[in-house]
$ cat input-v5.txt   # compact mmCIF, C-alpha atoms
# COMPACT_ATOMS: atom_id res chain seq x y z
CA MET A 60 -20.88 39.64 19.83
CA ALA A 61 -17.19 38.78 19.67
CA GLY A 62 -14.56 41.33 18.62
CA SER A 63 -13.28 41.39 15.05
CA GLU A 64 -10.08 39.45 15.88
CA ILE A 65 -12.09 36.65 17.43
CA GLU A 66 -14.57 36.68 14.54
CA ARG A 67 -11.67 36.45 12.10
CA LEU A 68 -10.24 33.49 14.01
CA ILE A 69 -13.65 31.77 14.01
CA GLN A 70 -14.04 32.37 10.26
CA LEU A 71 -10.60 30.89 9.53
CA LEU A 72 -11.12 27.86 11.74
CA ALA A 73 -14.56 27.27 10.20
CA ARG A 74 -12.87 26.75 6.82
CA LEU A 75 -10.99 23.70 8.10
CA PRO A 76 -12.28 20.21 7.25
CA GLY A 77 -14.57 18.85 9.93
CA LEU A 78 -15.33 22.27 11.38
CA GLY A 79 -18.26 24.58 10.74
CA PRO A 80 -19.01 28.00 12.26
CA ARG A 81 -20.55 26.47 15.39
CA SER A 82 -17.68 24.06 16.10
CA ALA A 83 -15.15 26.81 15.24
CA ARG A 84 -16.73 29.03 17.91
CA ARG A 85 -16.45 26.20 20.42
CA ALA A 86 -12.81 25.65 19.46
CA VAL A 87 -12.00 29.35 19.88
CA LEU A 88 -13.67 29.44 23.29
CA ALA A 89 -11.70 26.35 24.32
CA LEU A 90 -8.46 27.98 23.15
CA PHE A 91 -9.06 31.13 25.18
CA SER A 92 -10.27 29.33 28.26
CA ARG A 93 -7.08 27.24 28.30
CA ARG A 94 -4.72 29.83 26.98
CA ALA A 95 -1.50 28.65 28.62
CA ALA A 96 -2.15 24.95 28.18
CA LEU A 97 -3.57 25.05 24.66
CA PHE A 98 -3.55 28.37 22.82
CA ASP A 99 0.09 29.39 23.31
CA PRO A 100 1.57 25.93 22.53
CA LEU A 101 -0.74 25.60 19.52
CA MET A 102 0.27 29.01 18.21
CA GLU A 103 3.92 28.16 18.65
CA ALA A 104 3.50 24.75 16.98
CA MET A 105 1.64 26.30 14.04
CA ALA A 106 4.26 29.01 13.58
CA ARG A 107 7.03 26.41 13.62
CA ALA A 108 5.19 24.12 11.25
CA ALA A 109 4.42 26.98 8.85
CA GLU A 110 8.09 27.90 8.83
CA SER A 111 9.65 24.46 8.57
CA VAL A 112 7.22 22.08 6.82
CA ARG A 113 8.06 21.63 3.17
CA VAL A 114 7.08 19.34 0.32
CA CYS A 115 9.70 16.61 -0.06
CA SER A 116 11.54 17.13 -3.33
CA VAL A 117 11.93 13.36 -3.77
CA CYS A 118 8.49 11.89 -3.03
CA GLY A 119 6.06 14.80 -2.58
CA ASN A 120 5.33 14.01 1.09
CA ILE A 121 5.23 16.90 3.58
CA ASP A 122 7.74 17.02 6.40
CA SER A 123 9.95 19.44 8.27
CA SER A 124 12.99 18.14 6.44
CA ASP A 125 13.73 17.75 2.75
CA PRO A 126 14.15 14.88 1.88
CA CYS A 127 11.41 13.75 4.26
CA ALA A 128 12.00 11.27 7.10
CA ILE A 129 10.73 8.36 4.98
CA CYS A 130 13.03 9.15 2.05
CA ALA A 131 15.96 9.70 4.40
CA ASP A 132 15.38 6.46 6.34
CA GLU A 133 18.06 4.05 5.15
CA ALA A 134 16.30 1.12 6.80
CA ARG A 135 13.51 1.39 4.25
CA ASP A 136 13.54 -0.67 1.08
CA GLY A 137 14.37 1.63 -1.81
CA ALA A 138 13.55 -1.13 -4.30
CA GLN A 139 9.82 -0.66 -3.69
CA ILE A 140 8.01 2.59 -4.48
CA CYS A 141 4.34 2.90 -3.56
CA VAL A 142 2.50 5.47 -5.68
CA VAL A 143 -0.35 7.22 -3.84
CA GLU A 144 -2.82 9.95 -4.74
CA ASN A 145 -2.04 12.35 -1.91
CA VAL A 146 -0.39 12.74 1.49
CA ALA A 147 -3.57 11.47 3.23
CA SER A 148 -3.18 8.18 1.34
CA LEU A 149 0.50 8.01 2.35
CA TRP A 150 -0.44 8.49 5.98
CA ALA A 151 -3.12 5.78 5.65
CA MET A 152 -0.50 3.35 4.30
CA GLU A 153 1.92 4.29 7.07
CA ARG A 154 -0.75 3.67 9.72
CA THR A 155 -0.87 0.03 8.69
CA GLY A 156 2.85 -0.43 9.33
CA ALA A 157 2.74 -3.08 6.61
CA PHE A 158 4.83 -1.27 4.02
CA ARG A 159 8.53 -0.58 4.52
CA GLY A 160 9.39 0.81 1.11
CA ARG A 161 9.29 4.39 -0.14
CA TYR A 162 6.48 6.49 -1.57
CA HIS A 163 5.65 8.74 -4.46
CA VAL A 164 2.82 11.24 -4.00
CA LEU A 165 1.05 12.17 -7.24
CA GLY A 166 -0.88 15.11 -5.83
CA GLY A 167 -4.13 14.15 -7.63
CA LEU A 168 -5.56 11.86 -10.29
CA LEU A 169 -6.13 12.10 -14.02
CA SER A 170 -9.52 13.75 -14.35
CA ALA A 171 -11.39 14.70 -17.49
CA LEU A 172 -13.87 16.75 -15.47
CA ASP A 173 -11.23 18.79 -13.67
CA GLY A 174 -8.84 18.95 -16.64
CA VAL A 175 -6.02 17.23 -14.76
CA GLY A 176 -3.54 15.62 -17.15
CA PRO A 177 -0.21 13.78 -16.76
CA ASP A 178 1.73 17.06 -16.71
CA GLU A 179 -0.16 18.32 -13.66
CA LEU A 180 0.60 15.11 -11.77
CA GLY A 181 4.34 15.09 -12.39
CA ILE A 182 4.28 11.58 -13.83
CA GLU A 183 7.52 12.31 -15.72
CA ARG A 184 9.15 12.88 -12.31
CA LEU A 185 7.99 9.43 -11.22
CA LEU A 186 9.36 7.82 -14.39
CA ALA A 187 12.70 9.55 -13.89
CA ARG A 188 12.77 8.47 -10.25
CA ALA A 189 11.94 4.88 -11.13
CA ALA A 190 14.83 4.85 -13.59
CA SER A 191 17.40 6.54 -11.34
CA SER A 192 16.59 4.98 -7.97
CA GLY A 193 17.05 1.36 -8.99
CA ALA A 194 13.47 0.52 -7.99
CA ARG A 195 12.45 -3.08 -8.73
CA GLU A 196 8.74 -2.77 -7.98
CA ILE A 197 6.25 0.07 -8.33
CA ILE A 198 3.06 -0.47 -6.31
CA LEU A 199 0.15 1.57 -7.66
CA ALA A 200 -2.02 2.34 -4.63
CA THR A 201 -4.46 4.73 -6.28
CA PRO A 202 -8.16 4.62 -5.28
CA ALA A 203 -10.48 1.93 -6.68
CA THR A 204 -12.41 4.53 -8.67
CA VAL A 205 -12.62 5.16 -12.41
CA GLU A 206 -10.21 8.10 -12.10
CA GLY A 207 -7.91 6.23 -9.70
CA GLN A 208 -7.63 3.15 -11.88
CA THR A 209 -7.38 5.21 -15.10
CA THR A 210 -4.38 6.92 -13.50
CA ALA A 211 -2.92 3.56 -12.41
CA HIS A 212 -3.30 2.05 -15.90
CA TYR A 213 -1.76 5.14 -17.47
CA ILE A 214 1.28 4.97 -15.17
CA ALA A 215 1.58 1.21 -15.74
CA GLN A 216 1.54 1.83 -19.50
CA ARG A 217 4.26 4.48 -19.19
CA LEU A 218 6.40 2.21 -16.99
CA ALA A 219 6.05 -0.84 -19.23
CA GLY A 220 9.30 -2.14 -20.69
CA ARG A 221 11.50 -0.35 -18.15
CA GLY A 222 12.48 -3.51 -16.30
CA VAL A 223 10.44 -2.76 -13.21
CA ALA A 224 7.63 -4.91 -11.80
CA ILE A 225 4.30 -3.09 -11.58
CA SER A 226 1.59 -4.11 -9.13
CA GLY A 227 -1.68 -2.70 -7.82
CA LEU A 228 -3.57 -3.07 -4.57
CA ALA A 229 -6.10 -5.92 -4.41
CA GLN A 230 -9.79 -5.07 -4.48
CA GLY A 231 -12.51 -6.94 -2.70
CA VAL A 232 -14.36 -7.64 0.51
CA PRO A 233 -13.17 -5.37 3.37
CA MET A 234 -12.41 -6.66 6.87
CA GLY A 235 -15.74 -7.36 8.57
CA GLY A 236 -17.60 -6.88 5.30
CA GLU A 237 -20.87 -8.74 4.75
CA LEU A 238 -21.77 -9.46 1.14
CA ASP A 239 -25.34 -8.28 1.58
CA TYR A 240 -24.11 -4.77 2.37
CA LEU A 241 -21.48 -4.51 -0.37
CA ASP A 242 -22.01 -2.81 -3.73
CA ASP A 243 -22.10 -4.88 -6.93
CA GLY A 244 -18.74 -3.60 -8.15
CA THR A 245 -16.89 -4.67 -4.99
CA ILE A 246 -18.45 -8.14 -5.03
CA GLY A 247 -17.61 -8.52 -8.73
CA ALA A 248 -13.99 -7.43 -8.15
CA ALA A 249 -13.68 -9.78 -5.17
CA LEU A 250 -15.02 -12.69 -7.19
CA ALA A 251 -12.66 -11.96 -10.08
CA ALA A 252 -9.69 -11.80 -7.67
CA ARG A 253 -10.64 -14.91 -5.68
CA ARG A 254 -7.80 -17.04 -4.36
CA ALA A 255 -7.30 -20.71 -3.63
CA LEU A 256 -7.59 -21.69 0.03
CA MET B 217 -39.96 20.76 -9.35
CA GLU B 218 -39.19 17.08 -9.49
CA TRP B 219 -38.54 14.36 -12.03
CA THR B 220 -37.32 10.77 -11.94
CA ASP B 221 -35.33 9.23 -14.75
CA GLU B 222 -32.76 6.61 -15.61
CA ALA B 223 -29.27 8.02 -16.11
CA ILE B 224 -25.63 7.23 -16.78
CA LEU B 225 -23.14 9.00 -14.55
CA LEU B 226 -20.64 11.13 -16.48
CA GLY B 227 -18.61 12.65 -13.68
CA THR B 228 -18.48 13.58 -10.02
CA ARG B 229 -16.90 16.61 -8.45
CA ARG B 230 -16.55 16.89 -4.69
CA HIS B 231 -18.50 19.76 -3.12
CA GLY B 232 -17.46 20.63 0.39
CA GLU B 233 -16.66 17.85 2.79
CA THR B 234 -19.59 15.55 2.36
CA ALA B 235 -21.45 16.43 -0.84
CA ALA B 236 -20.69 16.01 -4.54
CA VAL B 237 -21.91 17.67 -7.71
CA VAL B 238 -22.80 14.85 -10.07
CA THR B 239 -23.32 15.13 -13.82
CA VAL B 240 -25.41 12.50 -15.58
CA LEU B 241 -26.81 11.82 -19.03
CA SER B 242 -30.45 11.02 -18.37
CA ARG B 243 -32.79 9.30 -20.79
CA ALA B 244 -35.39 12.06 -21.08
CA HIS B 245 -33.74 15.11 -19.48
CA GLY B 246 -30.36 15.07 -21.21
CA ARG B 247 -27.12 16.04 -19.56
CA HIS B 248 -28.00 17.29 -16.11
CA ALA B 249 -26.09 18.17 -12.96
CA GLY B 250 -27.27 18.07 -9.36
CA LEU B 251 -25.99 18.06 -5.83
CA VAL B 252 -25.79 14.71 -4.05
CA ARG B 253 -25.77 15.10 -0.29
CA GLY B 254 -23.39 12.57 1.20
CA GLY B 255 -21.95 12.02 -2.29
CA ALA B 256 -18.39 12.22 -0.97
CA GLY B 257 -19.02 9.49 1.57
CA ARG B 258 -17.43 6.06 1.33
CA ARG B 259 -20.53 4.13 0.27
CA ALA B 260 -21.78 6.70 -2.20
CA ARG B 261 -18.38 7.09 -3.85
CA ALA B 262 -18.26 3.38 -4.67
CA ALA B 263 -21.42 3.77 -6.74
CA LEU B 264 -21.06 7.33 -8.04
CA GLN B 265 -18.49 6.45 -10.66
CA SER B 266 -18.42 7.31 -14.36
CA GLY B 267 -20.35 4.89 -16.54
CA ASN B 268 -22.50 3.49 -13.74
CA ARG B 269 -26.25 3.40 -14.41
CA LEU B 270 -28.49 5.03 -11.82
CA GLN B 271 -32.08 5.88 -11.21
CA VAL B 272 -32.10 9.55 -10.22
CA THR B 273 -34.76 11.83 -8.83
CA TRP B 274 -33.95 15.48 -9.33
CA ARG B 275 -35.54 18.08 -7.08
CA GLY B 276 -35.22 21.86 -7.20
CA ARG B 277 -37.38 24.75 -6.10
CA LEU B 278 -36.90 26.38 -9.51
CA ALA B 279 -36.04 24.72 -12.82
CA GLU B 280 -32.92 26.85 -13.28
CA GLN B 281 -31.42 25.86 -9.93
CA LEU B 282 -28.69 23.24 -9.59
CA GLY B 283 -31.09 21.15 -7.51
CA SER B 284 -30.27 17.88 -5.83
CA PHE B 285 -30.30 14.23 -6.83
CA ALA B 286 -31.59 11.28 -4.88
CA TRP B 287 -30.15 8.17 -6.52
CA GLU B 288 -30.10 4.43 -6.62
CA LEU B 289 -27.53 2.28 -8.39
CA LEU B 290 -29.03 0.18 -11.18
CA ALA B 291 -25.89 -1.35 -12.68
CA ALA B 292 -22.15 -0.87 -12.14
CA GLU B 293 -21.45 -0.64 -15.89
CA GLY B 294 -18.40 1.61 -15.43
CA THR B 295 -16.69 0.16 -12.38
CA ARG B 296 -16.89 -3.40 -13.70
CA TRP B 297 -13.95 -2.52 -15.96
CA LEU B 298 -11.59 -1.11 -13.32
CA ALA B 299 -9.07 -3.90 -13.97
CA ASP B 300 -9.16 -3.59 -17.78
CA ALA B 301 -7.05 -0.64 -18.87
CA VAL B 302 -8.40 -0.20 -22.41
CA ARG B 303 -12.09 -0.83 -21.66
CA LEU B 304 -11.85 1.50 -18.66
CA GLY B 305 -10.24 4.02 -21.00
CA ALA B 306 -13.23 3.64 -23.35
CA VAL B 307 -15.68 4.28 -20.47
CA ALA B 308 -13.71 7.38 -19.44
CA SER B 309 -13.45 8.61 -23.02
CA ALA B 310 -17.16 8.11 -23.80
CA CYS B 311 -18.30 9.82 -20.59
CA ALA B 312 -15.86 12.70 -21.13
CA LEU B 313 -17.00 13.16 -24.75
CA VAL B 314 -20.70 13.22 -23.79
CA ASP B 315 -20.00 15.63 -20.94
CA PHE B 316 -17.94 17.77 -23.31
CA ALA B 317 -20.23 17.77 -26.33
CA PHE B 318 -23.83 18.02 -25.17
CA PRO B 319 -25.40 21.19 -23.81
CA GLU B 320 -26.92 20.88 -20.37
CA ARG B 321 -30.63 20.07 -19.96
CA GLU B 322 -31.27 19.33 -23.62
CA SER B 323 -33.06 16.05 -24.19
CA HIS B 324 -31.12 13.51 -26.30
CA PRO B 325 -32.81 10.14 -25.74
CA ARG B 326 -30.96 8.58 -28.70
CA ALA B 327 -27.63 9.62 -27.21
CA TYR B 328 -28.64 7.95 -23.95
CA GLU B 329 -29.61 4.71 -25.70
CA SER B 330 -26.42 4.83 -27.74
CA LEU B 331 -24.20 5.27 -24.66
CA LEU B 332 -26.09 2.51 -22.88
CA ALA B 333 -25.54 0.17 -25.84
CA LEU B 334 -21.84 1.05 -25.89
CA LEU B 335 -21.43 0.25 -22.19
CA ALA B 336 -23.25 -3.07 -22.66
CA GLY B 337 -21.19 -3.80 -25.79
CA LEU B 338 -17.87 -3.46 -23.95
CA ALA B 339 -18.22 -7.09 -22.90
CA ASP B 340 -18.17 -8.28 -26.53
CA ALA B 341 -15.07 -9.48 -28.35
CA HIS B 342 -15.41 -6.77 -31.03
CA TRP B 343 -16.06 -3.93 -28.60
CA ARG B 344 -13.51 -1.63 -30.25
CA GLU B 345 -15.67 -1.57 -33.39
CA THR B 346 -18.67 -0.76 -31.18
CA TYR B 347 -16.75 2.16 -29.70
CA ALA B 348 -15.76 3.54 -33.11
CA ARG B 349 -19.37 3.27 -34.35
CA TRP B 350 -20.53 4.97 -31.16
CA GLU B 351 -18.36 8.01 -31.95
CA LEU B 352 -19.96 8.07 -35.41
CA ASP B 353 -23.42 8.02 -33.75
CA LEU B 354 -22.30 10.77 -31.39
CA LEU B 355 -21.39 13.00 -34.34
CA ALA B 356 -24.79 12.31 -35.91
CA GLU B 357 -26.64 13.13 -32.68
CA LEU B 358 -24.70 16.39 -32.42
CA GLY B 359 -25.78 17.31 -35.95
CA TYR B 360 -22.46 16.55 -37.63
CA GLY B 361 -23.34 13.15 -39.03
CA LEU B 362 -21.23 11.76 -41.85
CA ASP B 363 -22.99 10.63 -45.03
CA LEU B 364 -21.51 7.22 -45.81
CA SER B 365 -24.38 6.05 -48.02
CA SER B 366 -22.98 6.93 -51.45
CA CYS B 367 -20.05 8.56 -53.23
CA ALA B 368 -20.19 12.37 -53.19
CA VAL B 369 -18.66 12.45 -56.68
CA THR B 370 -20.27 9.57 -58.59
CA GLY B 371 -23.39 8.90 -56.51
CA ARG B 372 -22.60 5.18 -56.52
CA ASN B 373 -22.60 3.19 -53.31
CA ASP B 374 -19.91 0.61 -54.02
CA GLU B 375 -16.18 0.68 -53.21
CA LEU B 376 -16.53 3.58 -50.81
CA ALA B 377 -13.04 4.07 -49.39
CA TYR B 378 -12.66 7.70 -48.30
CA VAL B 379 -14.48 10.54 -46.59
CA SER B 380 -14.19 14.15 -47.63
CA PRO B 381 -12.92 16.22 -44.66
CA ARG B 382 -14.83 19.19 -46.01
CA SER B 383 -18.30 17.74 -46.58
CA GLY B 384 -18.21 14.61 -44.40
CA ARG B 385 -19.49 12.57 -47.36
CA ALA B 386 -18.09 9.27 -48.58
CA VAL B 387 -15.95 9.11 -51.73
CA SER B 388 -15.38 5.98 -53.80
CA LEU B 389 -11.95 4.41 -54.37
CA SER B 390 -11.79 5.39 -58.05
CA ALA B 391 -13.09 8.94 -57.61
CA GLY B 392 -10.89 9.63 -54.61
CA GLU B 393 -7.65 8.03 -55.82
CA ALA B 394 -6.23 11.28 -57.18
CA PHE B 395 -6.98 13.12 -53.91
CA ARG B 396 -6.19 10.35 -51.44
CA ASP B 397 -3.66 12.49 -49.54
CA ARG B 398 -6.37 15.01 -48.77
CA LEU B 399 -9.12 12.51 -47.92
CA LEU B 400 -9.76 10.52 -44.75
CA ALA B 401 -9.77 6.73 -44.94
CA LEU B 402 -13.17 5.05 -44.52
CA PRO B 403 -12.75 1.59 -42.93
CA ALA B 404 -15.17 -0.96 -44.41
CA PHE B 405 -16.51 -2.02 -40.99
CA LEU B 406 -18.05 1.43 -40.50
CA ARG B 407 -20.30 0.55 -43.44
CA GLY B 408 -21.22 -2.76 -41.84
CA GLN B 409 -18.77 -4.83 -43.89
CA GLY B 410 -16.92 -7.42 -41.79
CA HIS B 411 -14.82 -7.02 -38.70
CA ALA B 412 -12.05 -4.49 -38.24
CA SER B 413 -8.30 -4.96 -37.98
CA ALA B 414 -6.32 -2.87 -35.48
CA ASP B 415 -5.32 -0.52 -38.33
CA GLU B 416 -8.95 -0.05 -39.35
CA ILE B 417 -9.93 0.79 -35.75
CA ARG B 418 -7.21 3.43 -35.68
CA ALA B 419 -8.38 4.75 -39.06
CA ALA B 420 -11.95 4.95 -37.77
CA LEU B 421 -10.86 6.92 -34.69
CA THR B 422 -8.79 9.22 -36.90
CA LEU B 423 -11.91 9.81 -39.00
CA THR B 424 -14.27 10.50 -36.09
CA GLY B 425 -11.55 12.39 -34.22
CA TYR B 426 -11.09 14.72 -37.17
CA PHE B 427 -14.74 15.76 -37.14
CA LEU B 428 -15.01 15.82 -33.35
CA GLU B 429 -12.04 18.15 -33.22
CA ARG B 430 -12.87 20.41 -36.20
CA ARG B 431 -16.60 20.64 -35.63
CA VAL B 432 -17.42 19.93 -32.00
CA ALA B 433 -14.29 21.04 -30.13
CA ALA B 434 -13.67 24.02 -32.41
CA GLN B 435 -17.21 25.25 -31.91
CA ALA B 436 -16.94 24.81 -28.14
CA GLY B 437 -13.57 26.59 -28.19
CA ARG B 438 -12.04 23.88 -26.01
CA PRO B 439 -9.48 21.14 -26.65
CA MET B 440 -10.65 17.56 -27.02
CA PRO B 441 -11.02 15.68 -23.72
CA ALA B 442 -7.71 14.18 -22.61
CA ALA B 443 -9.44 10.85 -21.89
CA ARG B 444 -10.24 10.47 -25.61
CA THR B 445 -6.65 11.31 -26.58
CA ARG B 446 -5.38 8.70 -24.11
CA LEU B 447 -7.76 6.08 -25.50
CA VAL B 448 -6.39 6.64 -29.02
CA GLY B 449 -2.91 6.08 -27.55
CA GLN B 450 -4.09 2.86 -25.88
CA PHE B 451 -5.58 1.60 -29.16
CA ALA B 452 -2.28 2.33 -30.90
CA ALA B 453 -0.20 0.46 -28.29
$ encode --input "input-v5.txt" --output "structure tokens"
Amino acid sequence: MAGSEIERLIQLLARLPGLGPRSARRAVLALFSRRAALFDPLMEAMARAAESVRVCSVCGNIDSSDPCAICADEARDGAQICVVENVASLWAMERTGAFRGRYHVLGGLLSALDGVGPDELGIERLLARAASSGAREIILATPATVEGQTTAHYIAQRLAGRGVAISGLAQGVPMGGELDYLDDGTIGAALAARRAL
Amino acid sequence: MEWTDEAILLGTRRHGETAAVVTVLSRAHGRHAGLVRGGAGRRARAALQSGNRLQVTWRGRLAEQLGSFAWELLAAEGTRWLADAVRLGAVASACALVDFAFPERESHPRAYESLLALLAGLADAHWRETYARWELDLLAELGYGLDLSSCAVTGRNDELAYVSPRSGRAVSLSAGEAFRDRLLALPAFLRGQGHASADEIRAALTLTGYFLERRVAAQAGRPMPAARTRLVGQFAA
């Protein structure tokens, strides 16, 4: 059996998303077999990241600088703020390269089951930001779930009458989607949001 | 152990990377939770949303175990209202109230039928009245039903205009006039008389909210679900 330090490393790695005990063991073996090429640079990168990565005080993104690179980028359109559930959603939006505005990360969704209310999500911070930043449009990019859309409607209600346009992402048939394989809700939403061709 | 039943989904909580713990109100088995393997996946998440109607099969080695659900979507009653803020708020509020108020694994077939009727009634023009009446039914199913049949003071059944916060019984306009500050307003539509104005809907929710808070929430030792509070705010807007 492996020594306690190795076991500890395996246990910690096994807690990461996508990894279980078996894959964590494989990862640890790979790290030690390529110590110079993999383990040492990884250790150094993790230590640096742990030391420098912070939550952006403006948008809630994570980056090694505060404000984050997106908030500090003057080429981005400050008139548009895209509200997302978490950093993973922000990264998903960034991958598309289709949005050149700024973001606001909520850090969760309103949830009756988990007892998450507006205070936990820092919605007041978003309202204050919308007022002070001169934003002209707030894009609510929360998930198309009951909790996601409840959160979006709540934010829209709080932003109403503040002179800022509020929009939400479209819902409907995904790229490559065949109707036969889609759920009823998606087809219904797509039909309701149909457009003239 | 195994049973199959029709159910309305009340809430989903992610469990690990791929699974979810789902809570439903089933027709014959009451409020019941179970693990759904793959419940955090993209396809399952689209269907496992509050208010949606499912056919579930619960399996567990022992009755007291969490067990697991196999499921099939019957109707997307909850997600059909994603674009309608107030109706979606009503779905969230109703599911949160049922999840909050009913003990687990206690059969309440009337509560199931009542929630099903509410979800179907959301498509109607007067759905806000349906929601207010549903909260009244909820109180009755929980054993805190209000007696709106006759005046607690005179015994007569005409001109009922108030409800006593102490007894939950109706009080007539003449008998309650002197105590109106201490009584709760009884909107006529709750007695089946006509349609409700926006003020009467708010009065109805104040009435049901009073008893939900003082009797149900107080006994549970928990605050009222935030989704219900938000719905009251949406009705007031």
$ interface_residues --input "input-v5.txt" --of "chain A" --to "chain B" --cutoff "12 Å" --atoms "all atoms listed in the file" --output "PyMOL selection string"
chain A and resi 74-79+169-178+201-217+219+226-231+240-252
$ residues_around --input "input-v5.txt" --residues "Val142 (chain A)" --least-positions-apart "4" --cutoff "10 Å" --atoms "all atoms listed in the file" --output "list in words"
Cys118, Ser148, Leu149, Arg161, Tyr162, His163, Val164, Leu165, Leu185, Ile197, Ile198, Leu199, Ala200, Thr201, Ala211, Ile214 and Gly227 of chain A
$ atom_distance --input "input-v5.txt" --atom1 "CA of Arg321 (chain B)" --atom2 "CA of Gly250 (chain B)"
11.3 Å
